[in-house]
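Undergrad: My structure file target_39.pdb, PDB, C-alpha atoms and all ligand atoms, is below:
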ATOM      1  CA  MET C  25     -29.987 -77.932   3.158
ATOM      2  CA  LYS C  26     -30.014 -74.738   5.153
ATOM      3  CA  ILE C  27     -29.964 -70.988   4.656
ATOM      4  CA  THR C  28     -27.126 -69.200   6.397
ATOM      5  CA  GLU C  29     -27.022 -65.757   7.944
ATOM      6  CA  GLU C  30     -25.574 -64.476   4.664
ATOM      7  CA  CYS C  31     -29.169 -64.455   3.393
ATOM      8  CA  MET C  32     -30.367 -60.970   2.486
ATOM      9  CA  THR C  33     -33.998 -62.110   2.247
ATOM     10  CA  CYS C  34     -34.356 -61.318  -1.456
ATOM     11  CA  GLY C  35     -36.801 -64.186  -1.984
ATOM     12  CA  THR C  36     -35.234 -65.327  -5.266
ATOM     13  CA  CYS C  37     -34.804 -68.925  -4.148
ATOM     14  CA  VAL C  38     -38.406 -69.414  -3.088
ATOM     15  CA  GLU C  39     -39.819 -69.807  -6.601
ATOM     16  CA  SER C  40     -37.035 -72.206  -7.593
ATOM     17  CA  CYS C  41     -38.052 -74.871  -5.113
ATOM     18  CA  LEU C  42     -40.349 -77.399  -6.758
ATOM     19  CA  VAL C  43     -41.650 -78.738  -3.468
ATOM     20  CA  GLY C  44     -42.219 -75.407  -1.740
ATOM     21  CA  ALA C  45     -39.688 -76.129   0.967
ATOM     22  CA  ILE C  46     -38.347 -72.571   1.241
ATOM     23  CA  VAL C  47     -40.646 -70.536   3.404
ATOM     24  CA  GLU C  48     -40.694 -67.264   5.267
ATOM     25  CA  SER C  49     -40.316 -67.516   9.008
ATOM     26  CA  GLY C  50     -40.696 -64.118  10.553
ATOM     27  CA  GLU C  51     -38.137 -61.906   8.825
ATOM     28  CA  ILE C  52     -35.935 -64.739   7.562
ATOM     29  CA  TYR C  53     -36.251 -67.590   5.096
ATOM     30  CA  VAL C  54     -35.840 -71.192   6.174
ATOM     31  CA  ILE C  55     -35.787 -74.581   4.470
ATOM     32  CA  SER C  56     -38.364 -76.970   5.833
ATOM     33  CA  GLU C  57     -38.235 -80.730   6.284
ATOM     34  CA  ASP C  58     -39.990 -81.053   2.907
ATOM     35  CA  CYS C  59     -36.595 -80.400   1.250
ATOM     36  CA  THR C  60     -35.420 -83.291  -0.924
ATOM     37  CA  ASP C  61     -31.801 -82.021  -1.186
ATOM     38  CA  CYS C  62     -32.166 -81.586  -4.963
ATOM     39  CA  ARG C  63     -29.913 -78.481  -4.845
ATOM     40  CA  VAL C  64     -31.883 -76.606  -7.502
ATOM     41  CA  CYS C  65     -32.129 -73.580  -5.231
ATOM     42  CA  VAL C  66     -28.402 -73.337  -4.524
ATOM     43  CA  ASP C  67     -27.460 -71.682  -7.812
ATOM     44  CA  THR C  68     -30.326 -69.194  -7.629
ATOM     45  CA  CYS C  69     -28.949 -67.478  -4.541
ATOM     46  CA  PRO C  70     -26.910 -64.369  -5.424
ATOM     47  CA  VAL C  71     -24.964 -64.487  -2.165
ATOM     48  CA  ASP C  72     -24.415 -68.261  -1.893
ATOM     49  CA  ALA C  73     -26.396 -68.450   1.321
ATOM     50  CA  ILE C  74     -27.858 -71.910   0.678
ATOM     51  CA  VAL C  75     -25.539 -74.682   1.825
ATOM     52  CA  ASP C  76     -25.567 -78.380   2.702
TER
HETATM   53  S1  LIG L   1     -32.553 -78.348  -2.252
HETATM   54 FE1  LIG L   1     -34.325 -78.581  -3.660
HETATM   55  S2  LIG L   1     -36.033 -79.282  -2.351
HETATM   56 FE2  LIG L   1     -34.453 -78.408  -1.003
HETATM   57  S3  LIG L   1     -35.031 -76.269  -0.706
HETATM   58 FE3  LIG L   1     -33.582 -76.340  -2.447
HETATM   59  S4  LIG L   1     -34.870 -76.503  -4.289
HETATM   60 FE4  LIG L   1     -36.149 -77.030  -2.505
HETATM   61  S1  LIG L   2     -31.908 -66.389  -2.781
HETATM   62 FE1  LIG L   2     -30.360 -66.410  -1.129
HETATM   63  S2  LIG L   2     -30.366 -64.326  -0.301
HETATM   64 FE2  LIG L   2     -32.274 -64.599  -1.462
HETATM   65  S3  LIG L   2     -33.809 -65.300   0.063
HETATM   66 FE3  LIG L   2     -32.907 -67.132  -0.893
HETATM   67  S4  LIG L   2     -31.212 -67.684   0.501
HETATM   68 FE4  LIG L   2     -31.754 -65.580   0.968
END
Starting from the file, give its structure as structure tokens.
Ligand code: SF4
Ligand code: SF4
TA:
Amino acid sequence: MKITEECMTCGTCVESCLVGAIVESGEIYVISEDCTDCRVCVDTCPVDAIVD
């Protein structure tokens, strides 16, 4: 999974990830290699910025 440039850094998705794979990196959010591709976070993003 990855976060696209559509991300407006609202932080909503961070709490949804059960394995803590969404982390801040400077002024953007990224998905780390801890991601299990469960897709739980996808529907939490108001701008559909989380994609396969
Ligand atoms: S797909 Fe699942 S494991 Fe990966 S970042 Fe989203 S919620 Fe976390
Ligand atoms: S919910 Fe979407 S817009 Fe908000 S930080 Fe996560 S990826 Fe970015």
Undergrad: Specify as a PyMOL selection string each residue included when the PyMOL selection byres (((chain C and resi 36-41) around 7) and not hetatm) is applied to this file.
TA: chain C and resi 34-35+42-47+64-65+68-69
Undergrad: Between C:Met25, C:Ile52, C:Met32, C:Val71, which one has atoms that come closest to ligand LIG 1 (chain L), using all atoms listed in the file?
TA: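 The closest residue to ligand LIG 1 (chain L) is C:Met25.
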Undergrad: What is the distance between atom CA of C:Cys31 and atom S1 of ligand LIG 1 (chain L), in Å to one decimal?
TA: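 Rounded to one decimal, the two atoms are 15.4 Å apart.
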Undergrad: If you apply the PyMOL selection byres (((chain C and resi 76) around 12) and not hetatm) to this file, what residues do you get, as a count of residues only?
TA: 16
Undergrad: Suppose you want the space between atom S3 of ligand LIG 1 (chain L) and atom CA of C:Glu48; what is it in Å?
TA: 12.2 Å
Undergrad: As JSON, what would the box around ligand LIG 1 (chain L) look like: edges along x, y and z, 3 Å added on every side, centre and edge lengths in Å to one decimal?
TA:
{"center_x": -34.4, "center_y": -77.8, "center_z": -2.5, "size_x": 9.6, "size_y": 9.0, "size_z": 9.6}
Undergrad: Calculate how many Å separate atom FE2 of ligand LIG 2 (chain L) from atom CA of C:Asp67, rounding to one decimal.
TA: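 According to the coordinates, atom FE2 of ligand LIG 2 (chain L) and atom CA of C:Asp67 are separated by 10.7 Å.
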